[in-house]
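Listing of protein_1.pdb; format and content: PDB, C-alpha atoms.
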```
ATOM      1  CA  PHE H   7    -100.650  88.343  88.811
ATOM      2  CA  ALA H   8    -100.713  90.226  85.505
ATOM      3  CA  THR H   9     -98.624  93.085  86.875
ATOM      4  CA  ALA H  10     -96.095  90.678  88.352
ATOM      5  CA  GLY H  11     -95.933  88.692  85.116
ATOM      6  CA  HIS H  12     -96.614  85.540  87.112
ATOM      7  CA  GLU H  13     -98.270  82.770  85.116
ATOM      8  CA  ALA H  14    -101.313  81.331  86.885
ATOM      9  CA  SER H  15    -103.414  79.835  84.113
ATOM     10  CA  GLU H  16    -105.692  77.700  86.272
ATOM     11  CA  LEU H  17    -106.399  80.538  88.681
ATOM     12  CA  LEU H  18    -107.127  83.035  85.893
ATOM     13  CA  ASP H  19    -109.414  80.554  84.132
ATOM     14  CA  ALA H  20    -111.294  79.961  87.375
ATOM     15  CA  ILE H  21    -111.659  83.692  88.018
ATOM     16  CA  ALA H  22    -112.913  84.244  84.466
ATOM     17  CA  GLY H  23    -115.537  81.547  84.918
ATOM     18  CA  GLU H  24    -116.766  83.112  88.157
ATOM     19  CA  ALA H  25    -116.600  86.710  86.966
ATOM     20  CA  ALA H  26    -118.362  86.399  83.601
ATOM     21  CA  PRO H  27    -121.897  85.945  85.012
ATOM     22  CA  ARG H  28    -121.302  88.550  87.738
ATOM     23  CA  VAL H  29    -119.995  91.532  85.758
ATOM     24  CA  GLY H  30    -122.947  93.612  86.911
ATOM     25  CA  GLU H  31    -121.477  93.582  90.417
ATOM     26  CA  PHE H  32    -118.231  95.233  89.271
ATOM     27  CA  SER H  33    -117.472  98.937  89.117
ATOM     28  CA  SER H  34    -116.616 100.279  85.668
ATOM     29  CA  GLN H  35    -112.991 100.632  86.751
ATOM     30  CA  GLY H  36    -112.999  97.068  88.069
ATOM     31  CA  LEU H  37    -114.247  95.763  84.733
ATOM     32  CA  SER H  38    -111.706  97.794  82.793
ATOM     33  CA  MET H  39    -108.837  96.579  84.958
ATOM     34  CA  THR H  40    -110.062  92.972  84.771
ATOM     35  CA  ALA H  41    -109.992  93.137  80.974
ATOM     36  CA  TRP H  42    -106.537  94.739  81.163
ATOM     37  CA  ALA H  43    -105.250  91.956  83.415
ATOM     38  CA  TYR H  44    -106.273  89.186  81.027
ATOM     39  CA  ALA H  45    -104.931  91.035  77.982
ATOM     40  CA  ALA H  46    -101.643  91.873  79.723
ATOM     41  CA  SER H  47    -101.169  88.316  80.962
ATOM     42  CA  GLY H  48    -101.926  86.844  77.540
ATOM     43  CA  ARG H  49    -104.653  84.621  78.933
ATOM     44  CA  PRO H  50    -107.661  84.099  76.643
ATOM     45  CA  ALA H  51    -111.074  84.664  78.220
ATOM     46  CA  PRO H  52    -113.529  85.268  75.356
ATOM     47  CA  ALA H  53    -116.690  84.660  77.399
ATOM     48  CA  LEU H  54    -115.511  87.100  80.059
ATOM     49  CA  PHE H  55    -114.640  89.734  77.444
ATOM     50  CA  ASP H  56    -118.089  89.352  75.873
ATOM     51  CA  SER H  57    -119.722  89.863  79.263
ATOM     52  CA  ILE H  58    -117.515  92.859  80.076
ATOM     53  CA  ALA H  59    -118.231  94.468  76.693
ATOM     54  CA  GLY H  60    -121.978  94.139  77.139
ATOM     55  CA  GLU H  61    -121.858  95.562  80.649
ATOM     56  CA  LEU H  62    -119.415  98.392  79.959
ATOM     57  CA  ALA H  63    -120.833  99.862  76.745
ATOM     58  CA  PRO H  64    -123.666 101.783  78.465
ATOM     59  CA  ARG H  65    -121.407 102.756  81.382
ATOM     60  CA  VAL H  66    -118.420 104.352  79.649
ATOM     61  CA  GLY H  67    -119.443 107.736  81.006
ATOM     62  CA  GLU H  68    -118.279 106.480  84.415
ATOM     63  CA  PHE H  69    -114.700 106.019  83.185
ATOM     64  CA  SER H  70    -111.765 108.177  84.117
ATOM     65  CA  PRO H  71    -109.754 109.359  81.080
ATOM     66  CA  GLN H  72    -107.241 106.584  81.710
ATOM     67  CA  GLY H  73    -110.054 104.065  82.064
ATOM     68  CA  LEU H  74    -111.247 104.832  78.542
ATOM     69  CA  SER H  75    -107.890 104.065  76.958
ATOM     70  CA  THR H  76    -107.329 101.069  79.258
ATOM     71  CA  ALA H  77    -110.564  99.453  78.130
ATOM     72  CA  ALA H  78    -109.813 100.103  74.461
ATOM     73  CA  TRP H  79    -106.233  98.805  74.798
ATOM     74  CA  ALA H  80    -107.369  95.634  76.591
ATOM     75  CA  PHE H  81    -109.870  94.631  73.910
ATOM     76  CA  ALA H  82    -107.454  95.481  71.104
ATOM     77  CA  THR H  83    -104.558  93.602  72.710
ATOM     78  CA  ALA H  84    -106.802  90.583  73.261
ATOM     79  CA  ASN H  85    -107.867  90.939  69.593
ATOM     80  CA  HIS H  86    -111.452  90.751  70.794
ATOM     81  CA  THR H  87    -113.968  92.582  68.623
ATOM     82  CA  ALA H  88    -116.524  94.649  70.570
ATOM     83  CA  PRO H  89    -117.915  97.297  68.177
ATOM     84  CA  SER H  90    -120.514  98.788  70.519
ATOM     85  CA  LEU H  91    -118.050  99.179  73.376
ATOM     86  CA  LEU H  92    -115.211 100.613  71.269
ATOM     87  CA  ASP H  93    -117.582 103.004  69.530
ATOM     88  CA  ALA H  94    -118.852 104.183  72.915
ATOM     89  CA  VAL H  95    -115.291 104.594  74.240
ATOM     90  CA  ALA H  96    -114.328 106.595  71.152
ATOM     91  CA  ALA H  97    -117.405 108.807  71.496
ATOM     92  CA  GLN H  98    -116.468 109.543  75.105
ATOM     93  CA  ALA H  99    -112.900 110.307  74.034
ATOM     94  CA  VAL H 100    -114.235 112.818  71.510
ATOM     95  CA  ALA H 101    -116.444 114.496  74.104
ATOM     96  CA  ARG H 102    -113.670 114.568  76.720
ATOM     97  CA  HIS H 103    -110.560 114.901  74.555
ATOM     98  CA  ALA H 104    -109.258 117.837  76.577
ATOM     99  CA  GLU H 105    -108.973 115.494  79.584
ATOM    100  CA  LEU H 106    -106.944 112.858  77.733
ATOM    101  CA  ASP H 107    -103.162 113.081  77.665
ATOM    102  CA  ALA H 108    -101.073 112.018  74.673
ATOM    103  CA  ARG H 109    -100.625 108.458  75.955
ATOM    104  CA  CYS H 110    -104.374 107.931  76.350
ATOM    105  CA  LEU H 111    -105.087 109.400  72.909
ATOM    106  CA  THR H 112    -102.523 107.276  71.079
ATOM    107  CA  ALA H 113    -103.511 104.093  72.947
ATOM    108  CA  THR H 114    -107.130 104.669  71.935
ATOM    109  CA  ALA H 115    -106.184 105.392  68.320
ATOM    110  CA  TRP H 116    -103.956 102.304  68.157
ATOM    111  CA  SER H 117    -106.796 100.182  69.529
ATOM    112  CA  LEU H 118    -109.189 101.407  66.837
ATOM    113  CA  ALA H 119    -106.572 100.610  64.181
ATOM    114  CA  VAL H 120    -106.046  97.091  65.527
ATOM    115  CA  LEU H 121    -109.781  96.389  65.448
ATOM    116  CA  ASP H 122    -110.216  98.245  62.135
ATOM    117  CA  MET H 123    -112.786 100.762  63.357
ATOM    118  CA  GLY H 124    -113.414 104.314  62.249
ATOM    119  CA  GLY H 125    -112.641 104.412  58.513
ATOM    120  CA  ASN H 126    -114.628 103.557  55.400
ATOM    121  CA  GLY H 127    -117.029 100.726  56.017
ATOM    122  CA  GLU H 128    -115.253  99.250  59.052
ATOM    123  CA  ARG H 129    -117.004  98.142  62.207
ATOM    124  CA  GLY H 130    -118.339 101.185  64.012
ATOM    125  CA  THR H 131    -119.287 104.350  62.161
ATOM    126  CA  GLY H 132    -120.166 106.688  65.023
ATOM    127  CA  GLY H 133    -117.758 107.586  67.805
ATOM    128  CA  ALA H 134    -114.849 105.720  66.219
ATOM    129  CA  ALA H 135    -115.192 107.598  62.934
ATOM    130  CA  ARG H 136    -115.431 110.972  64.681
ATOM    131  CA  PHE H 137    -112.378 110.165  66.788
ATOM    132  CA  ALA H 138    -110.341 109.155  63.728
ATOM    133  CA  ARG H 139    -111.194 112.402  61.924
ATOM    134  CA  ARG H 140    -110.105 114.629  64.819
ATOM    135  CA  PHE H 141    -107.306 112.679  66.493
ATOM    136  CA  GLY H 142    -104.427 114.265  64.588
ATOM    137  CA  GLY H 143    -105.346 117.809  65.520
ATOM    138  CA  TRP H 144    -105.529 116.944  69.206
ATOM    139  CA  LEU H 145    -102.184 115.185  69.092
ATOM    140  CA  ASP H 146    -100.299 118.053  67.460
ATOM    141  CA  SER H 147    -100.878 120.164  70.558
ATOM    142  CA  ARG H 148     -99.535 117.359  72.776
ATOM    143  CA  ALA H 149     -96.520 116.333  70.685
ATOM    144  CA  ALA H 150     -94.048 117.101  73.474
ATOM    145  CA  GLU H 151     -95.758 114.517  75.711
ATOM    146  CA  LEU H 152     -95.284 111.584  73.342
ATOM    147  CA  SER H 153     -93.168 108.685  74.585
ATOM    148  CA  HIS H 154     -91.386 106.224  72.300
ATOM    149  CA  GLU H 155     -94.266 103.753  72.723
ATOM    150  CA  SER H 156     -96.839 106.414  71.879
ATOM    151  CA  LEU H 157     -94.894 107.457  68.772
ATOM    152  CA  CYS H 158     -94.806 103.834  67.606
ATOM    153  CA  GLN H 159     -98.558 103.521  68.145
ATOM    154  CA  LEU H 160     -99.056 106.720  66.168
ATOM    155  CA  HIS H 161     -97.060 105.316  63.255
ATOM    156  CA  GLN H 162     -99.153 102.143  63.172
ATOM    157  CA  TRP H 163    -102.334 104.228  63.305
ATOM    158  CA  ARG H 164    -101.028 106.321  60.416
ATOM    159  CA  LEU H 165    -100.369 103.176  58.367
ATOM    160  CA  TRP H 166    -103.941 102.116  59.020
ATOM    161  CA  ARG H 167    -105.568 105.500  58.395
ATOM    162  CA  ALA H 168    -103.630 106.731  55.377
ATOM    163  CA  GLU H 169    -102.444 103.512  53.741
ATOM    164  CA  GLU H 170    -104.935 100.787  54.589
ATOM    165  CA  ARG H 171    -108.022 103.027  54.561
ATOM    166  CA  ARG H 172    -106.763 105.722  52.172
ATOM    167  CA  ARG H 173    -107.966 108.589  54.355
ATOM    168  CA  SER H 174    -106.050 111.846  54.687
ATOM    169  CA  ASP H 175    -108.327 113.544  57.204
ATOM    170  CA  GLY H 176    -107.410 113.281  60.863
ATOM    171  CA  LEU H 177    -103.656 113.007  60.313
ATOM    172  CA  PRO H 178    -101.316 115.038  62.531
ATOM    173  CA  SER H 179     -98.624 117.297  61.083
ATOM    174  CA  ALA H 180     -95.975 115.951  58.712
ATOM    175  CA  PRO H 181     -93.113 116.624  61.174
ATOM    176  CA  LEU H 182     -94.882 114.616  63.883
ATOM    177  CA  LEU H 183     -95.567 111.760  61.469
ATOM    178  CA  ALA H 184     -91.880 111.760  60.497
ATOM    179  CA  GLN H 185     -90.907 111.619  64.164
ATOM    180  CA  ALA H 186     -93.260 108.687  64.698
ATOM    181  CA  ALA H 187     -91.877 106.827  61.681
ATOM    182  CA  ALA H 188     -88.315 107.355  62.922
ATOM    183  CA  ALA H 189     -89.217 106.023  66.374
ATOM    184  CA  PHE H 190     -90.925 102.967  64.892
ATOM    185  CA  GLY H 191     -87.987 102.285  62.597
ATOM    186  CA  ALA H 192     -85.528 102.529  65.479
ATOM    187  CA  THR H 193     -87.235  99.759  67.444
ATOM    188  CA  ARG H 194     -84.856  96.826  67.923
ATOM    189  CA  THR H 195     -85.785  93.148  68.007
ATOM    190  CA  ARG H 196     -83.983  90.157  69.485
ATOM    191  CA  GLN H 197     -83.431  86.857  67.759
ATOM    192  CA  SER H 198     -84.898  83.849  69.530
ATOM    193  CA  GLU H 199     -83.651  80.276  69.514
ATOM    194  CA  ILE H 200     -86.617  79.169  67.434
ATOM    195  CA  GLN H 201     -85.895  81.932  64.897
ATOM    196  CA  SER H 202     -82.378  80.570  64.447
ATOM    197  CA  SER H 203     -83.657  77.048  63.835
ATOM    198  CA  VAL H 204     -86.151  78.320  61.270
ATOM    199  CA  GLY H 205     -83.305  80.151  59.534
ATOM    200  CA  GLU H 206     -81.332  76.931  59.289
ATOM    201  CA  ALA H 207     -84.274  75.162  57.681
ATOM    202  CA  LEU H 208     -84.802  78.047  55.243
ATOM    203  CA  ALA H 209     -81.131  77.886  54.247
ATOM    204  CA  ALA H 210     -81.523  74.171  53.553
ATOM    205  CA  LEU H 211     -84.220  75.068  51.021
ATOM    206  CA  ASP H 212     -81.878  77.459  49.158
ATOM    207  CA  THR H 213     -84.216  80.403  49.748
ATOM    208  CA  TRP H 214     -81.395  82.927  50.224
ATOM    209  CA  PRO H 215     -82.765  84.023  53.600
ATOM    210  CA  GLU H 216     -82.062  87.559  54.830
ATOM    211  CA  GLU H 217     -82.488  88.087  58.565
ATOM    212  CA  GLU H 218     -84.128  91.049  60.360
ATOM    213  CA  VAL H 219     -85.165  92.891  57.211
ATOM    214  CA  ARG H 220     -86.684  96.344  57.624
ATOM    215  CA  LEU H 221     -89.560  97.054  55.222
ATOM    216  CA  PRO H 222     -90.344 100.511  53.824
ATOM    217  CA  CYS H 223     -93.395 100.736  56.101
ATOM    218  CA  GLY H 224     -91.133 100.353  59.144
ATOM    219  CA  TYR H 225     -91.867  96.785  60.203
ATOM    220  CA  THR H 226     -89.025  94.286  60.609
ATOM    221  CA  LEU H 227     -89.393  90.725  59.334
ATOM    222  CA  ASP H 228     -87.615  87.815  60.988
ATOM    223  CA  TRP H 229     -86.664  86.520  57.555
ATOM    224  CA  LEU H 230     -87.104  87.557  53.937
ATOM    225  CA  VAL H 231     -86.713  84.736  51.423
ATOM    226  CA  GLN H 232     -86.986  84.165  47.681
ATOM    227  CA  TRP H 233     -89.263  81.380  46.544
ATOM    228  CA  ARG H 234     -90.232  80.821  42.913
ATOM    229  CA  GLY H 235     -89.385  84.400  42.068
ATOM    230  CA  VAL H 236     -91.462  85.889  44.888
ATOM    231  CA  SER H 237     -90.130  87.725  47.946
ATOM    232  CA  LEU H 238     -91.816  86.249  51.019
ATOM    233  CA  GLY H 239     -91.653  87.338  54.619
ATOM    234  CA  VAL H 240     -91.319  84.703  57.323
ATOM    235  CA  GLU H 241     -92.351  85.497  60.884
ATOM    236  CA  VAL H 242     -91.637  83.170  63.804
ATOM    237  CA  ASP H 243     -94.361  83.764  66.388
ATOM    238  CA  GLY H 244     -93.562  82.754  69.962
ATOM    239  CA  PRO H 245     -95.922  82.532  72.961
ATOM    240  CA  ARG H 246     -96.043  86.304  73.537
ATOM    241  CA  HIS H 247     -97.664  86.695  70.108
ATOM    242  CA  PHE H 248    -100.778  84.824  71.175
ATOM    243  CA  LEU H 249    -103.561  84.596  73.719
ATOM    244  CA  GLY H 250    -103.906  80.850  73.801
ATOM    245  CA  ARG H 251    -103.647  80.096  70.095
ATOM    246  CA  ARG H 252    -105.323  83.277  68.906
ATOM    247  CA  PRO H 253    -102.961  85.994  67.606
ATOM    248  CA  SER H 254    -102.722  89.024  69.872
ATOM    249  CA  GLY H 255    -103.920  92.342  68.530
ATOM    250  CA  ALA H 256    -100.364  93.547  67.913
ATOM    251  CA  THR H 257     -99.517  90.362  65.994
ATOM    252  CA  ALA H 258    -102.702  90.508  63.922
ATOM    253  CA  LEU H 259    -102.055  94.179  63.106
ATOM    254  CA  LYS H 260     -98.504  93.499  61.948
ATOM    255  CA  ARG H 261     -99.592  90.598  59.756
ATOM    256  CA  ARG H 262    -102.364  92.672  58.206
ATOM    257  CA  GLN H 263    -100.242  95.755  57.575
ATOM    258  CA  VAL H 264     -97.239  93.873  56.186
ATOM    259  CA  ARG H 265     -99.528  92.114  53.710
ATOM    260  CA  ALA H 266    -101.309  95.381  52.896
ATOM    261  CA  PHE H 267     -97.952  96.811  51.808
ATOM    262  CA  GLY H 268     -97.436  93.979  49.344
ATOM    263  CA  THR H 269     -95.257  91.466  51.190
ATOM    264  CA  PRO H 270     -96.737  87.956  51.361
ATOM    265  CA  LEU H 271     -96.201  86.552  54.838
ATOM    266  CA  VAL H 272     -95.693  83.071  56.232
ATOM    267  CA  SER H 273     -96.396  82.938  59.967
ATOM    268  CA  ILE H 274     -94.967  80.035  61.937
ATOM    269  CA  PRO H 275     -96.669  79.430  65.314
ATOM    270  CA  TYR H 276     -94.261  78.185  67.959
ATOM    271  CA  TRP H 277     -96.332  75.112  68.861
ATOM    272  CA  GLU H 278     -96.277  73.813  65.292
ATOM    273  CA  TRP H 279     -92.528  74.269  65.014
ATOM    274  CA  ASP H 280     -91.784  72.819  68.449
ATOM    275  CA  GLY H 281     -93.978  69.842  67.602
ATOM    276  CA  MET H 282     -91.593  68.848  64.824
ATOM    277  CA  ARG H 283     -88.259  67.701  66.227
ATOM    278  CA  ASP H 284     -87.090  66.097  63.008
ATOM    279  CA  GLY H 285     -85.152  68.434  60.712
ATOM    280  CA  GLY H 286     -86.603  66.840  57.607
ATOM    281  CA  ALA H 287     -90.149  67.390  58.834
ATOM    282  CA  ARG H 288     -89.407  71.042  59.515
ATOM    283  CA  VAL H 289     -87.939  71.571  56.036
ATOM    284  CA  ALA H 290     -90.982  69.872  54.470
ATOM    285  CA  PHE H 291     -93.314  72.034  56.572
ATOM    286  CA  LEU H 292     -91.587  75.198  55.393
ATOM    287  CA  ARG H 293     -91.593  74.077  51.776
ATOM    288  CA  ARG H 294     -95.374  73.597  51.882
ATOM    289  CA  ALA H 295     -95.934  76.952  53.607
ATOM    290  CA  LEU H 296     -93.731  78.849  51.149
ATOM    291  CA  GLU H 297     -95.295  77.135  48.171
ATOM    292  CA  ARG H 298     -98.786  77.963  49.387
ATOM    293  CA  GLU H 299     -97.984  81.648  49.949
ATOM    294  CA  ALA H 300     -96.024  82.062  46.706
ATOM    295  CA  THR H 301     -98.809  80.429  44.703
ATOM    296  CA  SER H 302    -101.358  82.734  46.325
ATOM    297  CA  LYS H 303     -99.221  85.803  45.538
ATOM    298  CA  GLY H 304     -98.683  84.651  41.993
ATOM    299  CA  ALA H 305    -102.427  84.338  41.496
ATOM    300  CA  GLU H 306    -102.878  87.922  42.727
ATOM    301  CA  GLY H 307    -100.102  89.185  40.458
ATOM    302  CA  GLY H 308     -97.142  91.424  41.229
ATOM    303  CA  SER H 309     -94.556  91.336  43.973
ATOM    304  CA  GLY H 310     -92.684  93.750  46.170
ATOM    305  CA  ALA H 311     -93.779  96.081  48.936
ATOM    306  CA  ARG H 312     -95.376  99.490  48.678
ATOM    307  CA  GLY H 313     -93.552 102.411  50.200
ATOM    308  CA  LEU H 314     -95.361 105.013  52.288
ATOM    309  CA  ASP H 315     -96.030 106.950  49.101
ATOM    310  CA  GLY H 316     -97.924 103.959  47.664
ATOM    311  CA  ARG H 317     -95.307 103.076  45.043
ATOM    312  CA  THR H 318     -93.991  99.538  44.736
ATOM    313  CA  SER H 319     -90.415  98.973  45.807
ATOM    314  CA  SER H 320     -88.100  96.100  46.657
ATOM    315  CA  ALA H 321     -89.372  94.253  49.719
ATOM    316  CA  ALA H 322     -85.973  94.517  51.281
ATOM    317  CA  GLY H 323     -85.625  98.237  50.774
ATOM    318  CA  GLY H 324     -85.867 101.008  53.347
TER     319      GLY H 324
END
```
structure tokens encoding of this file:
Amino acid sequence: FATAGHEASELLDAIAGEAAPRVGEFSSQGLSMTAWAYAASGRPAPALFDSIAGELAPRVGEFSPQGLSTAAWAFATANHTAPSLLDAVAAQAVARHAELDARCLTATAWSLAVLDMGGNGERGTGGAARFARRFGGWLDSRAAELSHESLCQLHQWRLWRAEERRRSDGLPSAPLLAQAAAAFGATRTRQSEIQSSVGEALAALDTWPEEEVRLPCGYTLDWLVQWRGVSLGVEVDGPRHFLGRRPSGATALKRRQVRAFGTPLVSIPYWEWDGMRDGGARVAFLRRALEREATSKGAEGGSGARGLDGRTSSAAGG
């Protein structure tokens, strides 16, 4: 069902309820693929993920190279923290790095970045930290294998490692980082119907909204607006950004990294927006959200986004 993209919420919920107490009966590959299926389908199953994490952590040695990255990707995509499991996966990746291709390496690195593991003081200080320190060197020798998706994952990992965590060890070569940044910056987005309606409401507030603004760090914002002298990003998050009503790992990572680079961010969940059919209610909702974020930014002091060199620049630049 996950591979076919066929929604079957009741069936998946029933399977999760049956599988959670029986994870000991599954093979390691079966558990990894089960986690992948729920993450890929966007169906929340926290109890099942907890059970899988507890069962898999001591069994990661049974994984194939692809199984290691699949497990890491599933938990990161589901935005489900499992420090013991991810640390064990990373330790196996270190021990078996010669068996992992570029896709498996970058998927594992991206997963650690999403769950904030492997830097200074984050969850997991063993295998995840060792992986983060050595990842770049392994990747340089596999640069020709990198797909567009892998290059984008590398760029997000670099933002986490060098910018969020201020670590220079473990980075691949400068030319490869430049290639990853170019790939990430070339990613195109499509405007949704809900994004258009949010833009109309922002215009009604005289916020001077700019659409599809590329930040210096490479991320694109749905809208960039001016409110009380502060540049604010506005993101319209549709169903694919969530598992249930919990942000997916990719969504949580974007929110965290955009804010880390100095751009305050207002996130609008689709169910809140769709629940307000009246235009006046939507404008009032946005006014409150913008006011709250601008006030918070004003209390922190400063505005604008940091570039990749750490300097502050216009939020709309780059």
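Across the structure, atom CA of Ala256 of chain H and atom CA of Asp280 of chain H are spaced 22.4 Å apart.
Going from atom CA of Leu106 of chain H to atom CA of Arg246 of chain H covers 29.0 Å.
We find atom CA of Gly285 of chain H and atom CA of Ala207 of chain H to be spaced 7.4 Å apart.
Once Gly73 of chain H and its same-chain neighbours fewer than 4 positions away are set aside, Gln35, Ser38, Phe69 and Ala77 of chain H remain within 8 Å of it when counting only C-alpha atoms.
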Write a file of the selected residues as a PDB file, in the frame of the given file, keeping C-alpha atoms.
```
ATOM      1  CA  GLN H  35    -112.991 100.632  86.751  1.00  0.00           C
ATOM      2  CA  SER H  38    -111.706  97.794  82.793  1.00  0.00           C
ATOM      3  CA  PHE H  69    -114.700 106.019  83.185  1.00  0.00           C
ATOM      4  CA  ALA H  77    -110.564  99.453  78.130  1.00  0.00           C
TER       5      ALA H  77
END
```
Reference answer for the PyMOL selection byres ((chain H and resi 262-265) around 9), as a PDB file with C-alpha atoms, in the frame of the given file:
```pdb
ATOM      1  CA  GLN H 162     -99.153 102.143  63.172  1.00  0.00           C
ATOM      2  CA  LEU H 165    -100.369 103.176  58.367  1.00  0.00           C
ATOM      3  CA  TRP H 166    -103.941 102.116  59.020  1.00  0.00           C
ATOM      4  CA  GLU H 169    -102.444 103.512  53.741  1.00  0.00           C
ATOM      5  CA  GLU H 170    -104.935 100.787  54.589  1.00  0.00           C
ATOM      6  CA  LEU H 221     -89.560  97.054  55.222  1.00  0.00           C
ATOM      7  CA  CYS H 223     -93.395 100.736  56.101  1.00  0.00           C
ATOM      8  CA  TYR H 225     -91.867  96.785  60.203  1.00  0.00           C
ATOM      9  CA  GLY H 239     -91.653  87.338  54.619  1.00  0.00           C
ATOM     10  CA  THR H 257     -99.517  90.362  65.994  1.00  0.00           C
ATOM     11  CA  ALA H 258    -102.702  90.508  63.922  1.00  0.00           C
ATOM     12  CA  LEU H 259    -102.055  94.179  63.106  1.00  0.00           C
ATOM     13  CA  LYS H 260     -98.504  93.499  61.948  1.00  0.00           C
ATOM     14  CA  ARG H 261     -99.592  90.598  59.756  1.00  0.00           C
ATOM     15  CA  ALA H 266    -101.309  95.381  52.896  1.00  0.00           C
ATOM     16  CA  PHE H 267     -97.952  96.811  51.808  1.00  0.00           C
ATOM     17  CA  GLY H 268     -97.436  93.979  49.344  1.00  0.00           C
ATOM     18  CA  THR H 269     -95.257  91.466  51.190  1.00  0.00           C
ATOM     19  CA  PRO H 270     -96.737  87.956  51.361  1.00  0.00           C
ATOM     20  CA  LEU H 271     -96.201  86.552  54.838  1.00  0.00           C
ATOM     21  CA  ALA H 311     -93.779  96.081  48.936  1.00  0.00           C
TER      22      ALA H 311
END
```
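Minimum distance to Pro27 of chain H across H:Ala180, H:Ala45, H:Val289, H:Leu54 (counting only C-alpha atoms) occurs at H:Leu54.
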Using all atoms listed in the file, can you list as a list in words the residues within 10 Å of (-90.3, 83.2, 73.5)? Gln197, Ser198, Glu199, Ile200, Gln201, Val242, Asp243, Gly244, Pro245, Arg246, His247 and Tyr276 of chain H
Please evaluate the PyMOL selection byres ((chain H and resi 8) around 9) against the displayed coordinates and give the resulting residues as a PyMOL selection string. chain H and resi 7+9-13+42-48
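Evaluating the PyMOL selection byres ((chain H and resi 110) around 10) against the shown model yields H:Pro71, H:Gln72, H:Gly73, H:Leu74, H:Ser75, H:Thr76, H:Ala78, H:Trp79, H:Ala99, H:His103, H:Glu105, H:Leu106, H:Asp107, H:Ala108, H:Arg109, H:Leu111, H:Thr112, H:Ala113, H:Thr114, H:Ala115, H:Trp116, H:Ser156.
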Write a file of the just-selected residues containing C-alpha atoms, as a PDB file, keeping the file's coordinate frame.
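selection21.pdb was written with the following content:
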```pdb
ATOM      1  CA  PRO H  71    -109.754 109.359  81.080  1.00  0.00           C
ATOM      2  CA  GLN H  72    -107.241 106.584  81.710  1.00  0.00           C
ATOM      3  CA  GLY H  73    -110.054 104.065  82.064  1.00  0.00           C
ATOM      4  CA  LEU H  74    -111.247 104.832  78.542  1.00  0.00           C
ATOM      5  CA  SER H  75    -107.890 104.065  76.958  1.00  0.00           C
ATOM      6  CA  THR H  76    -107.329 101.069  79.258  1.00  0.00           C
ATOM      7  CA  ALA H  78    -109.813 100.103  74.461  1.00  0.00           C
ATOM      8  CA  TRP H  79    -106.233  98.805  74.798  1.00  0.00           C
ATOM      9  CA  ALA H  99    -112.900 110.307  74.034  1.00  0.00           C
ATOM     10  CA  HIS H 103    -110.560 114.901  74.555  1.00  0.00           C
ATOM     11  CA  GLU H 105    -108.973 115.494  79.584  1.00  0.00           C
ATOM     12  CA  LEU H 106    -106.944 112.858  77.733  1.00  0.00           C
ATOM     13  CA  ASP H 107    -103.162 113.081  77.665  1.00  0.00           C
ATOM     14  CA  ALA H 108    -101.073 112.018  74.673  1.00  0.00           C
ATOM     15  CA  ARG H 109    -100.625 108.458  75.955  1.00  0.00           C
ATOM     16  CA  LEU H 111    -105.087 109.400  72.909  1.00  0.00           C
ATOM     17  CA  THR H 112    -102.523 107.276  71.079  1.00  0.00           C
ATOM     18  CA  ALA H 113    -103.511 104.093  72.947  1.00  0.00           C
ATOM     19  CA  THR H 114    -107.130 104.669  71.935  1.00  0.00           C
ATOM     20  CA  ALA H 115    -106.184 105.392  68.320  1.00  0.00           C
ATOM     21  CA  TRP H 116    -103.956 102.304  68.157  1.00  0.00           C
ATOM     22  CA  SER H 156     -96.839 106.414  71.879  1.00  0.00           C
TER      23      SER H 156
END
```
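Residues within 12 Å of Pro52 of chain H, counting only C-alpha atoms and excluding same-chain residues fewer than 4 positions away, are Asp19, Ala22, Gly23, Ala26, Ala41, Tyr44, Ala45, Gly48, Asp56, Ser57, Ile58, Ala59, Phe81, Ala84, Asn85, His86, Thr87, Ala88, Leu249, Gly250 and Arg252 of chain H.
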